[in-house]
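J.: Dropping the structure in here first, questions after.
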Amino acid sequence: MAKNAVSNGCFFQLAARLARYTSNDTYAYWANVTYDWMASSPLMNSDYSVFDSITFTETSCDTQSGEIQWSYNIGTMIAGCAYMYNYTEDAIWAQRLQGFLNHTQSVFFPDEYGGKTMVEYACEPGNTCNPDQRSFKAYLARWLAVSIQLAPFTANQITPWLQTSALDAARICTGAADDPTCGRQWYIATNDGTQDIGNQMAAMSIVQSNLIYTVSPPFSAKTGGNSSGDPGAGSATPLQLPNVYTEPVTRAYRVAAWFLTALLLLASAAFTYFLLSEKDLDDW
């Protein structure tokens with residue numbers, strides 16, 4: 001059996017975001033509970049390392065941590081702490097957020113690659129990233145950016161990472177003229193020749209993250225947010241649903257629905273009787 005960081009980290013972040021959005025302390029309670037459990041487990045260390053997973057057996061409580069550190073694991077913790085800090089203004093969340101950022105600096109913006117360029121350290125240098133891992137930097141980029149809005153004291157540390165990484169990523173988006181794909185290793189001067197949707201996601205996210213100062217922070221229920229549905233996904237032109245979804249229900253429709261329901265019930269009863277009958281198939 002196993003527990004992994006991203007499942008628990010996403011639950012923590014979701015609870016934090018809902019706490020801020022709704023001002024409902026029940027969500028904050030679950031954010032605290034989840035964080036405390038993770039901090040007490042082998043998924044996290046006191047230096048704010050976030051490990052990928054822990055495994056244990058049904059007959060033994062001994063745990064073994066997967067020592068690999070991925071950018072999206074620590075990223076979800078960074079955003080969760082930023083949301084909790086914004087909601088509570090409690091110094092403990094500022095302390096935790098700063099701890100994760102400092103660890104992010106050492107692992108994912110390492111000095112050996114310039115100190116300001118994002119690196120998926122567990123797989124990029126050895127070119128062993130699988131399709132999922134190639135997109136992880138995209139999530140860290142987005143969560144670092146929103147942290148600037150939610151916890152402005154982080155801006156001086158995060159902004160140079162976003163700016164330098166965006167410039168480095170854009171420099172190697174140099175595929176063919178009709179196919180400007182982006183390389184994976186932003187810390188080298190030329191496109192490494194890899195082509196993958198994860199590369200494109202990561203490059204797009206790091207560039208767009210630099211627009212964070214031009215947009216409003218995430219809404220809450222108190223600042224204009226709402227949870228109403230929109231089948232048009234926010235487009236200026238409302239989505240027109242086909243008539244089949246908007247026609248009034250007539251008596252003919254009701255009769256047809258009753259008839260089909262009765263037919264299905266009879267068929268179901270006959271089939272059930274057939275299955276439960278002790279008669280041989282030849283008797284039918």
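Going by the structure tokens order, chains are called A, B, ..., each with residues numbered from 1, while ligands are numbered from 1 in the order shown.
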If we count only C-alpha atoms, what is near A:Ala189 at a cut-off of 9 Å, once residues fewer than 6 positions away on the same chain are taken out, given as a PyMOL selection string?

T.: chain A and resi 168+171-172

J.: Tell me which protein, DNA and RNA residues are within 7 Å of A:Tyr83, counting only C-alpha atoms, leaving out same-chain ones fewer than 2 positions away, and put them as an NGL selection string.

T.: :A and (16-17 or 20 or 79-81 or 85-87 or 150)

J.: Limited to C-alpha atoms, could you put the picked residues into a file as a compact mmCIF listing (two decimals), in the first residue's frame?

T.:
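Dumped everything to selection_8.txt:
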# COMPACT_ATOMS: atom_id res chain seq x y z
CA ALA A 16 -7.22 26.03 1.93
CA ARG A 17 -8.75 27.52 -1.20
CA ARG A 20 -10.48 31.46 1.77
CA ALA A 79 0.03 27.29 -2.95
CA GLY A 80 -1.86 25.72 -0.05
CA CYS A 81 0.24 27.62 2.49
CA TYR A 85 -1.71 32.69 4.99
CA ASN A 86 -4.00 34.95 2.98
CA TYR A 87 -7.05 33.66 4.82
CA LEU A 150 -1.76 35.82 -1.93

J.: May I ask which of the residues A:Tyr21, A:Trp37, A:Phe153, A:Phe136 is the closest one to A:Gly9, counting only C-alpha atoms?

T.: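 Smallest distance to A:Gly9 is found for A:Trp37.
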
J.: Write out as a VMD selection string the set of residues from stretch 50-203 of chain A that DSSP, computed on the backbone, places in strand (DSSP E or B).

T.: chain A and resid 50 53 to 57 60 to 66 176 179

J.: Let's have the selection written as an mmCIF file, in the first residue's frame, with N, CA and C atoms.

T.:
data_model
loop_
_atom_site.group_PDB
_atom_site.id
_atom_site.type_symbol
_atom_site.label_atom_id
_atom_site.label_comp_id
_atom_site.auth_asym_id
_atom_site.auth_seq_id
_atom_site.Cartn_x
_atom_site.Cartn_y
_atom_site.Cartn_z
ATOM 1 N N VAL A 50 9.657 17.585 0.315
ATOM 2 C CA VAL A 50 8.399 16.880 0.079
ATOM 3 C C VAL A 50 8.713 15.700 -0.823
ATOM 4 N N SER A 53 6.312 9.696 -2.232
ATOM 5 C CA SER A 53 5.388 8.685 -1.730
ATOM 6 C C SER A 53 5.978 7.942 -0.544
ATOM 7 N N ILE A 54 5.112 7.237 0.167
ATOM 8 C CA ILE A 54 5.546 6.300 1.201
ATOM 9 C C ILE A 54 4.805 4.990 0.970
ATOM 10 N N THR A 55 5.456 3.892 1.278
ATOM 11 C CA THR A 55 4.842 2.579 1.109
ATOM 12 C C THR A 55 4.875 1.819 2.425
ATOM 13 N N PHE A 56 3.896 0.964 2.617
ATOM 14 C CA PHE A 56 3.835 0.107 3.797
ATOM 15 C C PHE A 56 2.957 -1.088 3.453
ATOM 16 N N THR A 57 3.012 -2.112 4.273
ATOM 17 C CA THR A 57 2.237 -3.321 4.029
ATOM 18 C C THR A 57 1.072 -3.404 5.004
ATOM 19 N N SER A 60 2.448 -4.649 8.357
ATOM 20 C CA SER A 60 3.520 -3.922 9.025
ATOM 21 C C SER A 60 3.287 -2.433 8.898
ATOM 22 N N CYS A 61 3.528 -1.720 9.983
ATOM 23 C CA CYS A 61 3.395 -0.266 9.971
ATOM 24 C C CYS A 61 4.700 0.415 9.581
ATOM 25 N N ASP A 62 5.742 -0.364 9.319
ATOM 26 C CA ASP A 62 7.006 0.218 8.886
ATOM 27 C C ASP A 62 6.797 0.906 7.538
ATOM 28 N N THR A 63 7.281 2.109 7.430
ATOM 29 C CA THR A 63 7.105 2.867 6.193
ATOM 30 C C THR A 63 8.445 3.121 5.544
ATOM 31 N N GLN A 64 8.388 3.292 4.241
ATOM 32 C CA GLN A 64 9.591 3.597 3.483
ATOM 33 C C GLN A 64 9.249 4.701 2.499
ATOM 34 N N SER A 65 9.968 5.787 2.549
ATOM 35 C CA SER A 65 9.630 6.920 1.702
ATOM 36 C C SER A 65 10.333 6.812 0.359
ATOM 37 N N GLY A 66 9.610 7.274 -0.681
ATOM 38 C CA GLY A 66 10.232 7.416 -1.988
ATOM 39 C C GLY A 66 10.979 8.736 -2.005
ATOM 40 N N ALA A 176 11.127 23.754 -35.738
ATOM 41 C CA ALA A 176 11.039 24.145 -37.134
ATOM 42 C C ALA A 176 10.171 25.397 -37.289
ATOM 43 N N ASP A 179 6.739 24.816 -36.870
ATOM 44 C CA ASP A 179 6.436 24.003 -35.681
ATOM 45 C C ASP A 179 7.347 24.446 -34.538
#

J.: Please provide the set of residues having any atom within 10 Å of stretch 195-212 of chain A, restricted to only C-alpha atoms, with same-chain residues fewer than 3 positions apart removed, written as a ChimeraX atom specification.

T.: /A:118,130-149,159-170,172-173,175,180-186,191-192,215-217

J.: Applying 8 Å and only C-alpha atoms, which residues near A:Tyr121 remain after dropping the ones on its own chain fewer than 2 positions away? List them as a list in words.

T.: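 Residues meeting the cut-off are Trp70, Val107, Phe108, Val119, Cys123, Glu124 and Pro125 of chain A.
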
J.: Next, the residues of the selection above should be written as a PDB file, in the first residue's frame with N, CA and C atoms.

T.:
ATOM      1  N   TRP A  70       9.655  15.923  -6.584  1.00  0.00           N
ATOM      2  CA  TRP A  70       9.159  16.493  -7.832  1.00  0.00           C
ATOM      3  C   TRP A  70       8.645  17.903  -7.590  1.00  0.00           C
ATOM      4  N   VAL A 107      16.496  22.993  -4.542  1.00  0.00           N
ATOM      5  CA  VAL A 107      16.288  21.770  -5.323  1.00  0.00           C
ATOM      6  C   VAL A 107      15.886  22.065  -6.765  1.00  0.00           C
ATOM      7  N   PHE A 108      15.012  23.035  -6.977  1.00  0.00           N
ATOM      8  CA  PHE A 108      14.454  23.242  -8.313  1.00  0.00           C
ATOM      9  C   PHE A 108      14.975  24.498  -9.008  1.00  0.00           C
ATOM     10  N   VAL A 119      14.406  23.753 -12.830  1.00  0.00           N
ATOM     11  CA  VAL A 119      14.921  22.475 -13.306  1.00  0.00           C
ATOM     12  C   VAL A 119      14.143  21.348 -12.625  1.00  0.00           C
ATOM     13  N   CYS A 123      14.873  14.306 -13.042  1.00  0.00           N
ATOM     14  CA  CYS A 123      14.905  13.593 -14.326  1.00  0.00           C
ATOM     15  C   CYS A 123      15.488  14.375 -15.490  1.00  0.00           C
ATOM     16  N   GLU A 124      15.469  15.702 -15.449  1.00  0.00           N
ATOM     17  CA  GLU A 124      15.933  16.455 -16.617  1.00  0.00           C
ATOM     18  C   GLU A 124      17.422  16.290 -16.911  1.00  0.00           C
ATOM     19  N   PRO A 125      18.313  16.418 -15.934  1.00  0.00           N
ATOM     20  CA  PRO A 125      19.738  16.289 -16.257  1.00  0.00           C
ATOM     21  C   PRO A 125      20.097  14.945 -16.885  1.00  0.00           C
TER      22      PRO A 125
END

J.: From the options A:Thr88, A:Asn127, A:Asn32, A:Gln157, which residue's atoms come nearest to A:Leu101, counting only C-alpha atoms?

T.: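 The shortest atom-to-atom distance to A:Leu101 comes from A:Gln157.
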
J.: Quick one: residues within 12 Å of A:Val33, only C-alpha atoms counted, chain neighbours fewer than 3 positions away excluded, as a list in words?

T.: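 Surrounding residues, per the criterion: Asn8, Gly9, Phe11, Phe12, Gln13, Ala15, Ala16, Thr26, Tyr27, Ala28, Tyr29, Trp30, Asp36, Trp37, Met38, Ala39 and Ser40 of chain A.
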
J.: Would you compute the distance between atom CA of A:Thr154 and atom CA of A:Ile92? Give it in Å to one decimal.

T.: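 Interatomic distance here is 14.7 Å.
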
J.: Quick check, in Å to one decimal: how far apart do atom CA of A:Gly99 and atom CA of A:Tyr48 lie?

T.: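 Atom CA of A:Tyr48 lies 5.9 Å from atom CA of A:Gly99.
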
J.: Enumerate the residues of stretch 57-246 of chain A with a DSSP assignment of alpha helix (DSSP H), computed from the backbone, and present them as a PyMOL selection string.

T.: chain A and resi 71-88+91-108+136-150+155-171+197-208

J.: Write a file of the just-selected residues containing C-alpha atoms, as a compact mmCIF listing (two decimals), in the first residue's frame.

T.:
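Output file result-v7.txt is given in full below:
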# COMPACT_ATOMS: atom_id res chain seq x y z
CA SER A 71 8.37 20.14 -8.46
CA TYR A 72 4.59 19.70 -8.47
CA ASN A 73 4.59 18.04 -5.05
CA ILE A 74 6.20 20.99 -3.31
CA GLY A 75 4.26 23.35 -5.58
CA THR A 76 0.90 22.27 -4.25
CA MET A 77 2.15 22.77 -0.69
CA ILE A 78 3.41 26.25 -1.57
CA ALA A 79 0.03 27.29 -2.95
CA GLY A 80 -1.86 25.72 -0.05
CA CYS A 81 0.24 27.62 2.49
CA ALA A 82 -0.20 30.85 0.52
CA TYR A 83 -3.99 30.46 0.55
CA MET A 84 -3.96 29.71 4.28
CA TYR A 85 -1.71 32.69 4.99
CA ASN A 86 -4.00 34.95 2.98
CA TYR A 87 -7.05 33.66 4.82
CA THR A 88 -5.70 33.55 8.37
CA ALA A 91 2.57 33.84 11.02
CA ILE A 92 2.83 30.04 11.09
CA TRP A 93 1.65 29.88 7.49
CA ALA A 94 4.13 32.56 6.47
CA GLN A 95 6.86 30.53 8.13
CA ARG A 96 5.82 27.33 6.38
CA LEU A 97 5.48 29.06 3.02
CA GLN A 98 8.94 30.54 3.38
CA GLY A 99 10.34 27.14 4.31
CA PHE A 100 8.95 25.54 1.17
CA LEU A 101 10.23 28.39 -0.97
CA ASN A 102 13.72 28.13 0.47
CA HIS A 103 13.75 24.41 -0.23
CA THR A 104 12.42 25.04 -3.74
CA GLN A 105 15.37 27.35 -4.31
CA SER A 106 17.90 24.67 -3.43
CA VAL A 107 16.29 21.77 -5.32
CA PHE A 108 14.45 23.24 -8.31
CA PHE A 136 5.43 19.12 -13.65
CA LYS A 137 7.20 22.48 -13.98
CA ALA A 138 3.97 23.94 -15.40
CA TYR A 139 2.19 23.43 -12.11
CA LEU A 140 4.99 24.80 -9.97
CA ALA A 141 5.11 27.90 -12.18
CA ARG A 142 1.39 28.59 -11.74
CA TRP A 143 1.44 28.02 -8.00
CA LEU A 144 4.49 30.23 -7.51
CA ALA A 145 2.76 33.00 -9.42
CA VAL A 146 -0.47 32.89 -7.42
CA SER A 147 1.58 32.88 -4.21
CA ILE A 148 2.88 36.33 -5.13
CA GLN A 149 -0.70 37.59 -5.11
CA LEU A 150 -1.76 35.82 -1.93
CA ALA A 155 7.46 38.50 -4.54
CA ASN A 156 11.12 39.46 -4.24
CA GLN A 157 12.14 35.82 -4.06
CA ILE A 158 9.77 34.36 -6.66
CA THR A 159 9.75 37.05 -9.36
CA PRO A 160 13.39 36.54 -10.49
CA TRP A 161 12.71 32.79 -10.81
CA LEU A 162 9.70 33.39 -13.05
CA GLN A 163 11.42 36.04 -15.16
CA THR A 164 14.69 34.18 -15.72
CA SER A 165 12.97 30.85 -16.35
CA ALA A 166 10.57 32.43 -18.86
CA LEU A 167 13.44 34.01 -20.80
CA ASP A 168 15.37 30.75 -20.80
CA ALA A 169 12.32 28.73 -21.87
CA ALA A 170 11.43 31.15 -24.67
CA ARG A 171 15.01 31.09 -25.94
CA ILE A 197 3.09 18.28 -24.82
CA GLY A 198 4.64 18.54 -21.35
CA ASN A 199 7.38 20.77 -22.71
CA GLN A 200 4.79 23.06 -24.27
CA MET A 201 2.70 23.17 -21.08
CA ALA A 202 5.71 24.06 -18.97
CA ALA A 203 6.98 26.76 -21.33
CA MET A 204 3.54 28.33 -21.72
CA SER A 205 2.92 28.32 -17.97
CA ILE A 206 6.23 29.91 -17.03
CA VAL A 207 5.80 32.67 -19.62
CA GLN A 208 2.19 33.36 -18.63

J.: What's the separation between atom CA of A:Lys3 and atom CA of A:Glu120, in Å to one decimal place?

T.: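 Result for atom CA of A:Lys3 versus atom CA of A:Glu120: 21.8 Å, one decimal.
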